[in-house]
$ cat upload.pdb   # PDB, C-alpha atoms and all ligand atoms
ATOM      1  CA  MET Q  18     115.019 192.008 134.184
ATOM      2  CA  LYS Q  19     112.196 194.502 133.793
ATOM      3  CA  ILE Q  20     112.748 197.557 131.592
ATOM      4  CA  ASP Q  21     110.296 200.471 131.563
ATOM      5  CA  ILE Q  22     110.734 202.977 128.736
ATOM      6  CA  LEU Q  23     109.075 206.407 128.787
ATOM      7  CA  THR Q  24     108.557 207.992 125.378
ATOM      8  CA  LEU Q  25     106.259 210.183 123.294
ATOM      9  CA  PHE Q  26     106.625 207.738 120.385
ATOM     10  CA  PRO Q  27     105.781 204.238 121.639
ATOM     11  CA  GLN Q  28     105.343 202.892 118.098
ATOM     12  CA  MET Q  29     109.043 203.384 117.406
ATOM     13  CA  PHE Q  30     109.749 200.435 119.703
ATOM     14  CA  GLN Q  31     107.595 197.932 117.861
ATOM     15  CA  GLY Q  32     110.259 196.827 115.394
ATOM     16  CA  PRO Q  33     113.371 195.968 117.410
ATOM     17  CA  PHE Q  34     111.641 194.134 120.235
ATOM     18  CA  SER Q  35     109.615 191.847 117.984
ATOM     19  CA  GLU Q  36     112.588 190.353 116.133
ATOM     20  CA  GLY Q  37     115.434 187.939 116.732
ATOM     21  CA  ILE Q  38     117.036 187.399 120.122
ATOM     22  CA  PHE Q  39     114.776 190.007 121.720
ATOM     23  CA  LYS Q  40     111.577 188.320 120.771
ATOM     24  CA  ARG Q  41     112.931 185.011 122.080
ATOM     25  CA  ALA Q  42     114.117 186.589 125.340
ATOM     26  CA  ILE Q  43     110.736 188.261 125.872
ATOM     27  CA  ASP Q  44     108.820 185.089 124.992
ATOM     28  CA  ARG Q  45     110.972 183.159 127.456
ATOM     29  CA  LYS Q  46     110.341 185.844 130.101
ATOM     30  CA  LEU Q  47     114.052 186.550 130.566
ATOM     31  CA  VAL Q  48     113.336 190.219 129.976
ATOM     32  CA  GLN Q  49     110.133 192.222 130.170
ATOM     33  CA  VAL Q  50     109.998 195.502 128.235
ATOM     34  CA  ASN Q  51     107.146 197.929 128.925
ATOM     35  CA  ILE Q  52     106.707 201.018 126.779
ATOM     36  CA  HIS Q  53     104.823 203.932 128.373
ATOM     37  CA  ASN Q  54     103.491 206.958 126.537
ATOM     38  CA  ILE Q  55     104.422 210.087 128.517
ATOM     39  CA  ARG Q  56     101.265 211.695 127.131
ATOM     40  CA  ASP Q  57      99.149 209.238 129.133
ATOM     41  CA  TYR Q  58     100.410 210.886 132.333
ATOM     42  CA  THR Q  59      99.007 214.342 131.569
ATOM     43  CA  HIS Q  60      95.803 215.640 133.170
ATOM     44  CA  ASP Q  61      94.709 218.536 130.944
ATOM     45  CA  ARG Q  62      92.296 218.065 128.060
ATOM     46  CA  HIS Q  63      94.945 218.704 125.436
ATOM     47  CA  HIS Q  64      97.399 216.215 126.977
ATOM     48  CA  THR Q  65     100.132 218.827 126.969
ATOM     49  CA  VAL Q  66     103.670 217.446 127.280
ATOM     50  CA  ASP Q  67     105.714 220.467 126.151
ATOM     51  CA  ASP Q  68     105.958 224.167 126.926
ATOM     52  CA  TYR Q  69     108.046 227.276 126.229
ATOM     53  CA  ALA Q  70     111.456 227.752 127.805
ATOM     54  CA  TYR Q  71     111.738 230.365 130.578
ATOM     55  CA  GLY Q  72     114.068 233.074 129.378
ATOM     56  CA  GLY Q  73     113.092 232.469 125.772
ATOM     57  CA  GLY Q  74     115.140 230.728 123.126
ATOM     58  CA  ALA Q  75     114.750 227.948 120.614
ATOM     59  CA  GLY Q  76     111.631 225.818 120.688
ATOM     60  CA  MET Q  77     109.749 223.780 123.219
ATOM     61  CA  LEU Q  78     110.802 221.716 126.223
ATOM     62  CA  LEU Q  79     109.327 218.604 127.775
ATOM     63  CA  LYS Q  80     107.390 219.520 130.915
ATOM     64  CA  PRO Q  81     108.475 217.857 134.159
ATOM     65  CA  GLU Q  82     105.100 216.782 135.619
ATOM     66  CA  PRO Q  83     104.117 213.924 133.242
ATOM     67  CA  ILE Q  84     107.628 212.474 133.377
ATOM     68  CA  PHE Q  85     107.802 212.546 137.191
ATOM     69  CA  GLU Q  86     104.363 210.969 137.418
ATOM     70  CA  ALA Q  87     105.187 208.255 134.882
ATOM     71  CA  VAL Q  88     108.417 207.309 136.687
ATOM     72  CA  GLU Q  89     106.663 207.285 140.066
ATOM     73  CA  LYS Q  90     103.948 205.019 138.685
ATOM     74  CA  VAL Q  91     106.315 202.435 137.154
ATOM     75  CA  LYS Q  92     108.434 202.436 140.326
ATOM     76  CA  GLN Q  93     105.381 201.855 142.448
ATOM     77  CA  ASP Q  94     104.119 199.021 140.246
ATOM     78  CA  PHE Q  95     107.481 197.297 140.463
ATOM     79  CA  HIS Q  96     107.761 197.752 144.236
ATOM     80  CA  LEU Q  97     104.323 196.264 144.717
ATOM     81  CA  GLU Q  98     105.540 193.281 142.724
ATOM     82  CA  LYS Q  99     108.991 192.836 144.234
ATOM     83  CA  GLY Q 100     109.583 195.086 147.263
ATOM     84  CA  ALA Q 101     112.881 195.997 145.623
ATOM     85  CA  LYS Q 102     115.326 198.892 146.006
ATOM     86  CA  GLU Q 103     115.383 202.003 143.827
ATOM     87  CA  PRO Q 104     116.120 201.260 140.153
ATOM     88  CA  PRO Q 105     118.402 203.374 137.962
ATOM     89  CA  VAL Q 106     116.421 206.069 136.124
ATOM     90  CA  ILE Q 107     118.389 206.756 132.977
ATOM     91  CA  LEU Q 108     117.949 209.812 130.804
ATOM     92  CA  LEU Q 109     119.210 209.357 127.225
ATOM     93  CA  SER Q 110     120.894 212.570 126.122
ATOM     94  CA  PRO Q 111     123.980 213.838 124.335
ATOM     95  CA  GLN Q 112     125.156 215.260 127.671
ATOM     96  CA  GLY Q 113     125.311 211.869 129.395
ATOM     97  CA  ARG Q 114     128.305 209.679 130.160
ATOM     98  CA  LEU Q 115     129.405 207.860 127.048
ATOM     99  CA  PHE Q 116     127.817 204.403 126.758
ATOM    100  CA  SER Q 117     130.221 201.454 126.601
ATOM    101  CA  GLN Q 118     130.364 197.691 127.011
ATOM    102  CA  GLN Q 119     131.370 198.330 130.619
ATOM    103  CA  ILE Q 120     128.207 200.353 131.276
ATOM    104  CA  ALA Q 121     126.138 197.660 129.521
ATOM    105  CA  GLU Q 122     127.637 195.075 131.878
ATOM    106  CA  GLU Q 123     126.983 197.270 134.886
ATOM    107  CA  LEU Q 124     123.330 197.759 133.876
ATOM    108  CA  SER Q 125     122.862 194.049 133.113
ATOM    109  CA  GLY Q 126     123.245 193.425 136.860
ATOM    110  CA  CYS Q 127     120.071 195.423 137.669
ATOM    111  CA  ILE Q 128     116.664 193.795 138.046
ATOM    112  CA  HIS Q 129     114.793 196.941 136.962
ATOM    113  CA  LEU Q 130     115.729 199.804 134.607
ATOM    114  CA  ILE Q 131     113.748 202.922 133.793
ATOM    115  CA  LEU Q 132     114.714 204.795 130.616
ATOM    116  CA  ILE Q 133     113.498 208.296 129.741
ATOM    117  CA  CYS Q 134     113.531 209.387 126.088
ATOM    118  CA  GLY Q 135     113.521 213.155 125.565
ATOM    119  CA  ARG Q 136     112.102 214.990 122.541
ATOM    120  CA  TYR Q 137     111.740 218.532 121.225
ATOM    121  CA  GLU Q 138     114.578 220.921 122.021
ATOM    122  CA  GLY Q 139     115.203 219.493 125.450
ATOM    123  CA  ILE Q 140     113.815 218.558 128.826
ATOM    124  CA  ASP Q 141     113.140 220.584 131.965
ATOM    125  CA  GLU Q 142     116.342 220.570 134.039
ATOM    126  CA  ARG Q 143     114.483 219.354 137.140
ATOM    127  CA  VAL Q 144     114.013 215.948 135.503
ATOM    128  CA  ARG Q 145     117.783 215.678 135.170
ATOM    129  CA  GLU Q 146     118.458 217.029 138.660
ATOM    130  CA  HIS Q 147     115.798 215.374 140.758
ATOM    131  CA  LEU Q 148     114.448 212.357 138.894
ATOM    132  CA  ALA Q 149     117.158 210.798 136.720
ATOM    133  CA  THR Q 150     119.892 208.947 138.593
ATOM    134  CA  ASP Q 151     122.037 208.608 135.496
ATOM    135  CA  GLU Q 152     122.408 210.252 132.096
ATOM    136  CA  VAL Q 153     123.749 208.247 129.166
ATOM    137  CA  SER Q 154     124.861 209.228 125.653
ATOM    138  CA  ILE Q 155     125.476 206.672 122.921
ATOM    139  CA  GLY Q 156     127.789 209.003 121.023
ATOM    140  CA  ASP Q 157     128.601 212.567 120.085
ATOM    141  CA  TYR Q 158     125.759 213.361 117.719
ATOM    142  CA  VAL Q 159     122.292 214.817 118.085
ATOM    143  CA  LEU Q 160     119.271 212.666 117.299
ATOM    144  CA  GLY Q 161     115.623 213.614 116.946
ATOM    145  CA  GLY Q 162     115.033 212.157 120.402
ATOM    146  CA  GLY Q 163     116.264 209.601 122.903
ATOM    147  CA  GLU Q 164     114.332 206.622 121.473
ATOM    148  CA  LEU Q 165     116.977 205.172 119.160
ATOM    149  CA  ALA Q 166     119.571 205.600 121.909
ATOM    150  CA  ALA Q 167     117.318 203.723 124.350
ATOM    151  CA  MET Q 168     117.027 200.857 121.853
ATOM    152  CA  VAL Q 169     120.808 200.688 121.551
ATOM    153  CA  VAL Q 170     121.212 200.537 125.328
ATOM    154  CA  VAL Q 171     118.490 197.904 125.755
ATOM    155  CA  ASP Q 172     119.947 195.785 122.946
ATOM    156  CA  ALA Q 173     123.447 195.846 124.426
ATOM    157  CA  VAL Q 174     122.189 195.101 127.950
ATOM    158  CA  ALA Q 175     119.656 192.388 127.074
ATOM    159  CA  ARG Q 176     122.135 190.194 125.211
ATOM    160  CA  LEU Q 177     124.252 190.022 128.378
ATOM    161  CA  LEU Q 178     121.435 188.552 130.466
ATOM    162  CA  PRO Q 179     121.858 184.865 131.327
ATOM    163  CA  GLY Q 180     120.125 182.637 128.773
ATOM    164  CA  VAL Q 181     119.363 185.362 126.201
ATOM    165  CA  LEU Q 182     122.058 184.200 123.796
ATOM    166  CA  GLY Q 183     122.880 180.551 123.224
ATOM    167  CA  SER Q 184     125.486 180.570 125.975
ATOM    168  CA  ASP Q 185     127.077 182.978 128.444
ATOM    169  CA  ALA Q 186     130.356 182.503 126.637
ATOM    170  CA  SER Q 187     129.185 184.029 123.366
ATOM    171  CA  ALA Q 188     128.048 187.251 125.035
ATOM    172  CA  ARG Q 189     131.179 187.836 127.082
ATOM    173  CA  ASP Q 190     133.726 186.465 124.653
ATOM    174  CA  ASP Q 191     133.525 189.239 122.086
ATOM    175  CA  SER Q 192     136.010 191.911 121.260
ATOM    176  CA  HIS Q 193     134.888 194.743 123.508
ATOM    177  CA  THR Q 194     135.129 192.696 126.660
ATOM    178  CA  THR Q 195     138.654 191.613 125.774
ATOM    179  CA  ARG Q 196     139.198 195.134 124.387
ATOM    180  CA  LEU Q 197     140.597 194.063 121.015
ATOM    181  CA  LEU Q 198     138.819 194.357 117.691
ATOM    182  CA  GLU Q 199     137.827 191.129 115.962
ATOM    183  CA  TYR Q 200     140.115 189.172 113.684
ATOM    184  CA  PRO Q 201     139.053 188.622 110.036
ATOM    185  CA  GLN Q 202     136.635 185.737 109.501
ATOM    186  CA  TYR Q 203     135.833 183.679 106.422
ATOM    187  CA  THR Q 204     133.295 181.091 105.354
ATOM    188  CA  HIS Q 205     132.780 179.146 102.092
ATOM    189  CA  PRO Q 206     133.700 179.327  99.275
ATOM    190  CA  GLU Q 207     137.431 178.869  99.675
ATOM    191  CA  VAL Q 208     138.049 181.113  96.662
ATOM    192  CA  TYR Q 209     135.521 183.816  95.782
ATOM    193  CA  ARG Q 210     136.187 185.991  92.695
ATOM    194  CA  ALA Q 211     139.857 185.093  92.962
ATOM    195  CA  TRP Q 212     140.000 186.173  96.614
ATOM    196  CA  ALA Q 213     141.278 183.203  98.592
ATOM    197  CA  VAL Q 214     140.794 182.474 102.275
ATOM    198  CA  PRO Q 215     144.152 182.849 104.110
ATOM    199  CA  GLU Q 216     146.128 179.616 103.882
ATOM    200  CA  VAL Q 217     146.661 179.268 107.629
ATOM    201  CA  LEU Q 218     142.901 178.891 108.248
ATOM    202  CA  LEU Q 219     142.819 175.807 106.007
ATOM    203  CA  SER Q 220     145.832 174.210 107.664
ATOM    204  CA  GLY Q 221     143.999 172.486 110.498
ATOM    205  CA  ASN Q 222     146.816 173.583 112.796
ATOM    206  CA  HIS Q 223     144.831 175.090 115.642
ATOM    207  CA  ALA Q 224     147.773 176.466 117.564
ATOM    208  CA  GLN Q 225     148.859 178.338 114.453
ATOM    209  CA  ILE Q 226     145.318 179.490 113.720
ATOM    210  CA  ASP Q 227     144.900 180.857 117.241
ATOM    211  CA  LYS Q 228     148.205 182.680 116.964
ATOM    212  CA  TRP Q 229     147.287 184.169 113.575
ATOM    213  CA  ARG Q 230     143.892 185.349 114.818
ATOM    214  CA  ARG Q 231     145.352 186.914 117.922
ATOM    215  CA  GLN Q 232     147.975 188.746 115.821
ATOM    216  CA  GLN Q 233     145.365 189.942 113.347
ATOM    217  CA  ALA Q 234     143.185 191.217 116.191
ATOM    218  CA  ILE Q 235     146.121 193.108 117.682
ATOM    219  CA  LEU Q 236     147.252 194.589 114.376
ATOM    220  CA  ARG Q 237     143.751 195.600 113.363
ATOM    221  CA  THR Q 238     143.240 197.245 116.736
ATOM    222  CA  LEU Q 239     146.550 199.053 116.386
ATOM    223  CA  LYS Q 240     145.556 200.341 112.975
ATOM    224  CA  ARG Q 241     141.957 201.337 113.662
ATOM    225  CA  ARG Q 242     141.624 201.892 117.412
ATOM    226  CA  PRO Q 243     145.086 202.359 118.944
ATOM    227  CA  ASP Q 244     143.399 203.861 122.014
ATOM    228  CA  LEU Q 245     141.996 200.409 122.865
ATOM    229  CA  LEU Q 246     145.433 198.795 122.937
ATOM    230  CA  ASP Q 247     146.510 200.767 125.992
ATOM    231  CA  LYS Q 248     143.884 198.945 128.064
ATOM    232  CA  ALA Q 249     144.194 195.530 126.388
ATOM    233  CA  GLU Q 250     145.646 192.534 128.172
ATOM    234  CA  LEU Q 251     148.664 191.538 126.082
ATOM    235  CA  SER Q 252     151.465 189.103 126.780
ATOM    236  CA  PRO Q 253     154.986 190.565 126.916
ATOM    237  CA  GLU Q 254     155.668 189.167 123.410
ATOM    238  CA  GLU Q 255     152.487 190.775 122.097
ATOM    239  CA  ARG Q 256     153.417 194.113 123.678
ATOM    240  CA  GLN Q 257     156.755 193.874 121.905
ATOM    241  CA  LEU Q 258     155.037 193.175 118.605
ATOM    242  CA  VAL Q 259     152.883 196.279 119.064
ATOM    243  CA  ASP Q 260     155.832 198.445 120.070
ATOM    244  CA  SER Q 261     157.902 197.315 117.090
ATOM    245  CA  PHE Q 262     155.054 198.240 114.725
ATOM    246  CA  LYS Q 263     154.517 201.555 116.454
ATOM    247  CA  LYS Q 264     158.191 202.418 116.090
ATOM    248  CA  ALA Q 265     158.455 201.351 112.439
ATOM    249  CA  LYS Q 266     158.611 204.421 110.206
ATOM    250  CA  ALA Q 267     156.984 202.840 107.172
ATOM    251  CA  THR Q 268     153.558 201.290 107.507
ATOM    252  CA  PRO Q 269     154.058 197.520 107.684
ATOM    253  CA  GLU Q 270     152.241 195.495 105.009
ATOM    254  CA  VAL Q 271     149.951 193.870 107.603
ATOM    255  CA  LEU Q 272     148.596 197.257 108.637
ATOM    256  CA  LYS Q 273     147.577 198.440 105.176
TER
HETATM  257  C1  LIG Q 301     117.630 220.242 119.792
HETATM  258  C2  LIG Q 301     117.767 221.606 119.590
HETATM  259  C3  LIG Q 301     117.318 222.432 118.580
HETATM  260  C4  LIG Q 301     117.623 223.789 118.664
HETATM  261  C5  LIG Q 301     118.369 224.284 119.720
HETATM  262  C6  LIG Q 301     118.815 223.423 120.736
HETATM  263  C7  LIG Q 301     118.502 222.100 120.636
HETATM  264  N1  LIG Q 301     118.799 221.096 121.459
HETATM  265  C8  LIG Q 301     118.246 220.004 120.973
HETATM  266  C9  LIG Q 301     118.374 218.758 121.667
HETATM  267  O1  LIG Q 301     119.360 218.493 122.320
HETATM  268  N2  LIG Q 301     117.301 217.949 121.575
HETATM  269  C10 LIG Q 301     117.311 216.689 122.279
HETATM  270  C11 LIG Q 301     116.805 215.611 121.380
HETATM  271  C12 LIG Q 301     116.474 216.755 123.505
HETATM  272  C13 LIG Q 301     116.592 215.476 124.272
HETATM  273  C14 LIG Q 301     116.336 214.251 123.373
HETATM  274  N3  LIG Q 301     117.055 214.390 122.139
HETATM  275  C15 LIG Q 301     118.172 213.685 121.874
HETATM  276  C16 LIG Q 301     118.749 212.671 122.607
HETATM  277  N4  LIG Q 301     118.915 213.905 120.821
HETATM  278  N5  LIG Q 301     119.965 213.086 120.848
HETATM  279  C17 LIG Q 301     119.897 212.323 121.902
HETATM  280  C18 LIG Q 301     120.900 211.361 122.233
HETATM  281  C19 LIG Q 301     120.728 210.501 123.299
HETATM  282  C20 LIG Q 301     121.742 209.618 123.598
HETATM  283  N6  LIG Q 301     122.876 209.559 122.871
HETATM  284  C21 LIG Q 301     123.050 210.379 121.817
HETATM  285  C22 LIG Q 301     122.075 211.304 121.490
END
$ encode --input "upload.pdb" --output "C-alpha cells" --more "lines below"
Ligand code: 9WO
Amino acid sequence: MKIDILTLFPQMFQGPFSEGIFKRAIDRKLVQVNIHNIRDYTHDRHHTVDDYAYGGGAGMLLKPEPIFEAVEKVKQDFHLEKGAKEPPVILLSPQGRLFSQQIAEELSGCIHLILICGRYEGIDERVREHLATDEVSIGDYVLGGGELAAMVVVDAVARLLPGVLGSDASARDDSHTTRLLEYPQYTHPEVYRAWAVPEVLLSGNHAQIDKWRRQQAILRTLKRRPDLLDKAELSPEERQLVDSFKKAKATPEVLK
C-alpha cells in the first residue's frame, strides 16, 4: 500500500513512522508512506498557503490551490507507476464520519490512500466538496490540525496489512473485530504486592480458562461499553448471562 500525506508540518511525522512495526513494514516495503509539504505546491514568492475567510470571521483558512495541485501530482505519480483507479482522498476533520475498526479494515483494502491534514481555522470548502472523496474524524474533539488524526488512521490501517504484524491472526483477533473488550491479562510474578493472579489461570484447565476469559470480556464490555454488546456475537447462554446482569438491581460483584 502507498500512502501520501499532505501537511504543512512534515516533521511531525518523523517519530511514529521510524519506530516499531511501522519501521519494519516500511523497510520490508509492505507500506510506503510519503509526506508532502503543501507549501511546496505554492507558486508565489511568499509560499502562501492561507488567506482570509470571505464574509469575515475568525482567523485564516487553507487556500484550495496548493492542496488541489498536491493531490493531482501524487495521483499522477501513482498512475504513471500503476495505471490504477482513483484512490480515496481523505480529509481529516472533526466533521468527518467517525473512524472505527470497520473503516480501518475498509481502507486496508486500498492500494493507495491520500490523506489531507488541515490547519489554521479551517479549509476552503471546495477542497471538501470537489477534491476529498471522504472525510474522517477520529473523535469528538478539536486538535491543532489533522496530523495526529492522520497518524492514528495510518497506524490502525497499516497493522491490518498482510505481513505487517507477526501473523494475520493477531491483527484480526483483537477485541474490536469481535466487538468485545479484552479480558484481564496477567504475567509473572504470580503474587505481586499481595495481589494474586486469578486461580483459574494457573489451573491448566484450558476449557475453564477460555470460559473465564470469555465471561470477563462480556462483563467488562457490559460495564464499560454496553453499546458494543448489542452488536456482539454471543451464544444464547451468553445473552442470558448479559440479560440477567442487566436486570439485576444491585451491581453484581463481578461488575465492580
Ligand atoms: C479552529 C477554530 C478556531 C476558531 C474558530 C473556528 C475554528 N475552527 C477550527 C478548526 O476546526 N480547525 C481545524 C483544525 C481545521 C482543520 C484541521 N484541524 C483539525 C482537525 N482539528 N481537529 C481535527 C480533527 C481531525 C480528525 N479527527 C478529530 C479532529
$ closest_atom_pairs --input "upload.pdb" --of "chain Q" --to "ligand LIG 301 (chain Q)" --cutoff "9 Å" --atoms "all atoms listed in the file" --output "Markdown table"
| residue | atom | partner | partner_atom | distance |
| --- | --- | --- | --- | --- |
| Q:Gly74 | CA | Q:LIG301 | C5 | 8.0 |
| Q:Ala75 | CA | Q:LIG301 | C5 | 5.2 |
| Q:Gly76 | CA | Q:LIG301 | C4 | 6.6 |
| Q:Met77 | CA | Q:LIG301 | C3 | 9.0 |
| Q:Leu78 | CA | Q:LIG301 | C12 | 8.0 |
| Q:Leu79 | CA | Q:LIG301 | C12 | 8.5 |
| Q:Leu108 | CA | Q:LIG301 | C19 | 8.0 |
| Q:Leu109 | CA | Q:LIG301 | C19 | 4.4 |
| Q:Ser110 | CA | Q:LIG301 | C19 | 3.5 |
| Q:Pro111 | CA | Q:LIG301 | C22 | 4.3 |
| Q:Gln112 | CA | Q:LIG301 | C20 | 7.8 |
| Q:Gly113 | CA | Q:LIG301 | C20 | 7.2 |
| Q:Leu115 | CA | Q:LIG301 | N6 | 7.9 |
| Q:Phe116 | CA | Q:LIG301 | N6 | 8.1 |
| Q:Cys134 | CA | Q:LIG301 | C14 | 6.2 |
| Q:Gly135 | CA | Q:LIG301 | C14 | 3.7 |
| Q:Arg136 | CA | Q:LIG301 | C14 | 4.4 |
| Q:Tyr137 | CA | Q:LIG301 | C12 | 5.5 |
| Q:Glu138 | CA | Q:LIG301 | C1 | 3.8 |
| Q:Gly139 | CA | Q:LIG301 | C12 | 3.6 |
| Q:Ile140 | CA | Q:LIG301 | C13 | 6.2 |
| Q:Glu152 | CA | Q:LIG301 | C20 | 8.5 |
| Q:Val153 | CA | Q:LIG301 | C20 | 6.1 |
| Q:Ser154 | CA | Q:LIG301 | N6 | 3.4 |
| Q:Ile155 | CA | Q:LIG301 | N6 | 3.9 |
| Q:Gly156 | CA | Q:LIG301 | C21 | 5.0 |
| Q:Asp157 | CA | Q:LIG301 | C21 | 6.2 |
| Q:Tyr158 | CA | Q:LIG301 | C22 | 5.7 |
| Q:Val159 | CA | Q:LIG301 | N5 | 4.0 |
| Q:Leu160 | CA | Q:LIG301 | N5 | 3.6 |
| Q:Gly161 | CA | Q:LIG301 | C11 | 5.0 |
| Q:Gly162 | CA | Q:LIG301 | N3 | 3.5 |
| Q:Gly163 | CA | Q:LIG301 | C16 | 4.0 |
| Q:Glu164 | CA | Q:LIG301 | C16 | 7.6 |
| Q:Leu165 | CA | Q:LIG301 | C19 | 7.7 |
| Q:Ala166 | CA | Q:LIG301 | C20 | 4.9 |
| Q:Ala167 | CA | Q:LIG301 | C20 | 7.4 |
$ closest_residue --input "upload.pdb" --among "Q:Ile235, Q:Leu245, Q:Val181, Q:Ala121" --to "Gly37 (chain Q)" --atoms "all atoms listed in the file"
Q:Val181
$ resolve_selection --input "upload.pdb" --expression "the PyMOL selection byres (((chain Q and resi 218) around 12) and not hetatm)" --output "list in words"
Tyr200, Pro201, Gln202, Tyr203, Thr204, His205, Glu207, Ala213, Val214, Pro215, Glu216, Val217, Leu219, Ser220, Gly221, Asn222, His223, Ala224, Gln225, Ile226, Asp227, Lys228, Trp229 and Arg230 of chain Q
$ write_last_selection --input "upload.pdb" --atoms "C-alpha atoms" --output "PDB file, keeping the file's coordinate frame"
ATOM      1  CA  TYR Q 200     140.115 189.172 113.684  1.00  0.00           C
ATOM      2  CA  PRO Q 201     139.053 188.622 110.036  1.00  0.00           C
ATOM      3  CA  GLN Q 202     136.635 185.737 109.501  1.00  0.00           C
ATOM      4  CA  TYR Q 203     135.833 183.679 106.422  1.00  0.00           C
ATOM      5  CA  THR Q 204     133.295 181.091 105.354  1.00  0.00           C
ATOM      6  CA  HIS Q 205     132.780 179.146 102.092  1.00  0.00           C
ATOM      7  CA  GLU Q 207     137.431 178.869  99.675  1.00  0.00           C
ATOM      8  CA  ALA Q 213     141.278 183.203  98.592  1.00  0.00           C
ATOM      9  CA  VAL Q 214     140.794 182.474 102.275  1.00  0.00           C
ATOM     10  CA  PRO Q 215     144.152 182.849 104.110  1.00  0.00           C
ATOM     11  CA  GLU Q 216     146.128 179.616 103.882  1.00  0.00           C
ATOM     12  CA  VAL Q 217     146.661 179.268 107.629  1.00  0.00           C
ATOM     13  CA  LEU Q 219     142.819 175.807 106.007  1.00  0.00           C
ATOM     14  CA  SER Q 220     145.832 174.210 107.664  1.00  0.00           C
ATOM     15  CA  GLY Q 221     143.999 172.486 110.498  1.00  0.00           C
ATOM     16  CA  ASN Q 222     146.816 173.583 112.796  1.00  0.00           C
ATOM     17  CA  HIS Q 223     144.831 175.090 115.642  1.00  0.00           C
ATOM     18  CA  ALA Q 224     147.773 176.466 117.564  1.00  0.00           C
ATOM     19  CA  GLN Q 225     148.859 178.338 114.453  1.00  0.00           C
ATOM     20  CA  ILE Q 226     145.318 179.490 113.720  1.00  0.00           C
ATOM     21  CA  ASP Q 227     144.900 180.857 117.241  1.00  0.00           C
ATOM     22  CA  LYS Q 228     148.205 182.680 116.964  1.00  0.00           C
ATOM     23  CA  TRP Q 229     147.287 184.169 113.575  1.00  0.00           C
ATOM     24  CA  ARG Q 230     143.892 185.349 114.818  1.00  0.00           C
TER      25      ARG Q 230
END
$ atom_distance --input "upload.pdb" --atom1 "CA of Glu254 (chain Q)" --atom2 "CA of Leu197 (chain Q)"
16.0 Å
$ residues_around --input "upload.pdb" --residues "Asp260 (chain Q)" --least-positions-apart "2" --cutoff "12 Å" --atoms "only C-alpha atoms" --output "ChimeraX atom specification"
/Q:235-236,239,243,246-247,251,253-258,262-266
$ resolve_selection --input "upload.pdb" --expression "the PyMOL selection byres (((chain Q and resi 26) around 10) and not hetatm)" --output "PyMOL selection string"
chain Q and resi 23-25+27-30+52-56+134+136+162+164
$ residues_near_point --input "upload.pdb" --point "(107.6, 212.0, 134.8)" --cutoff "12 Å" --atoms "all atoms listed in the file" --output "MDAnalysis selection string"
chainID Q and resid 22:25 53:59 66 79:92 106 108 131:135 140:141 143:145 147:149
$ atom_distance --input "upload.pdb" --atom1 "CA of Gly126 (chain Q)" --atom2 "CA of Arg231 (chain Q)"
29.8 Å
$ closest_residue --input "upload.pdb" --among "Q:Glu103, Q:Asp172, Q:Asp94, Q:Asp61" --to "Gln118 (chain Q)" --atoms "all atoms listed in the file"
Q:Asp172
$ closest_residue --input "upload.pdb" --among "Q:Ile43, Q:Leu130, Q:Val50, Q:Ala234" --to "Leu198 (chain Q)" --atoms "all atoms listed in the file"
Q:Ala234
$ decode --input "upload.pdb" --residues "region 102-123 of chain Q" --atoms "C-alpha atoms" --output "PDB file, in the first residue's frame"
ATOM      1  CA  LYS Q 102      -8.154   3.583 -10.388  1.00  0.00           C
ATOM      2  CA  GLU Q 103      -8.888   6.687  -8.325  1.00  0.00           C
ATOM      3  CA  PRO Q 104      -7.690   6.414  -4.708  1.00  0.00           C
ATOM      4  CA  PRO Q 105      -9.672   7.647  -1.703  1.00  0.00           C
ATOM      5  CA  VAL Q 106      -8.738  11.243  -0.830  1.00  0.00           C
ATOM      6  CA  ILE Q 107      -9.407  11.558   2.871  1.00  0.00           C
ATOM      7  CA  LEU Q 108      -9.727  14.837   4.714  1.00  0.00           C
ATOM      8  CA  LEU Q 109      -9.116  14.561   8.476  1.00  0.00           C
ATOM      9  CA  SER Q 110     -11.586  16.812  10.269  1.00  0.00           C
ATOM     10  CA  PRO Q 111     -13.936  16.866  13.234  1.00  0.00           C
ATOM     11  CA  GLN Q 112     -16.835  16.932  10.758  1.00  0.00           C
ATOM     12  CA  GLY Q 113     -15.955  13.576   9.191  1.00  0.00           C
ATOM     13  CA  ARG Q 114     -17.517  10.168   9.734  1.00  0.00           C
ATOM     14  CA  LEU Q 115     -16.291   8.686  12.975  1.00  0.00           C
ATOM     15  CA  PHE Q 116     -13.241   6.447  12.477  1.00  0.00           C
ATOM     16  CA  SER Q 117     -13.615   2.823  13.582  1.00  0.00           C
ATOM     17  CA  GLN Q 118     -12.039  -0.599  13.188  1.00  0.00           C
ATOM     18  CA  GLN Q 119     -14.525  -1.191  10.376  1.00  0.00           C
ATOM     19  CA  ILE Q 120     -13.295   1.874   8.472  1.00  0.00           C
ATOM     20  CA  ALA Q 121      -9.681   0.800   9.108  1.00  0.00           C
ATOM     21  CA  GLU Q 122     -10.491  -2.583   7.563  1.00  0.00           C
ATOM     22  CA  GLU Q 123     -12.211  -0.955   4.617  1.00  0.00           C
TER      23      GLU Q 123
END
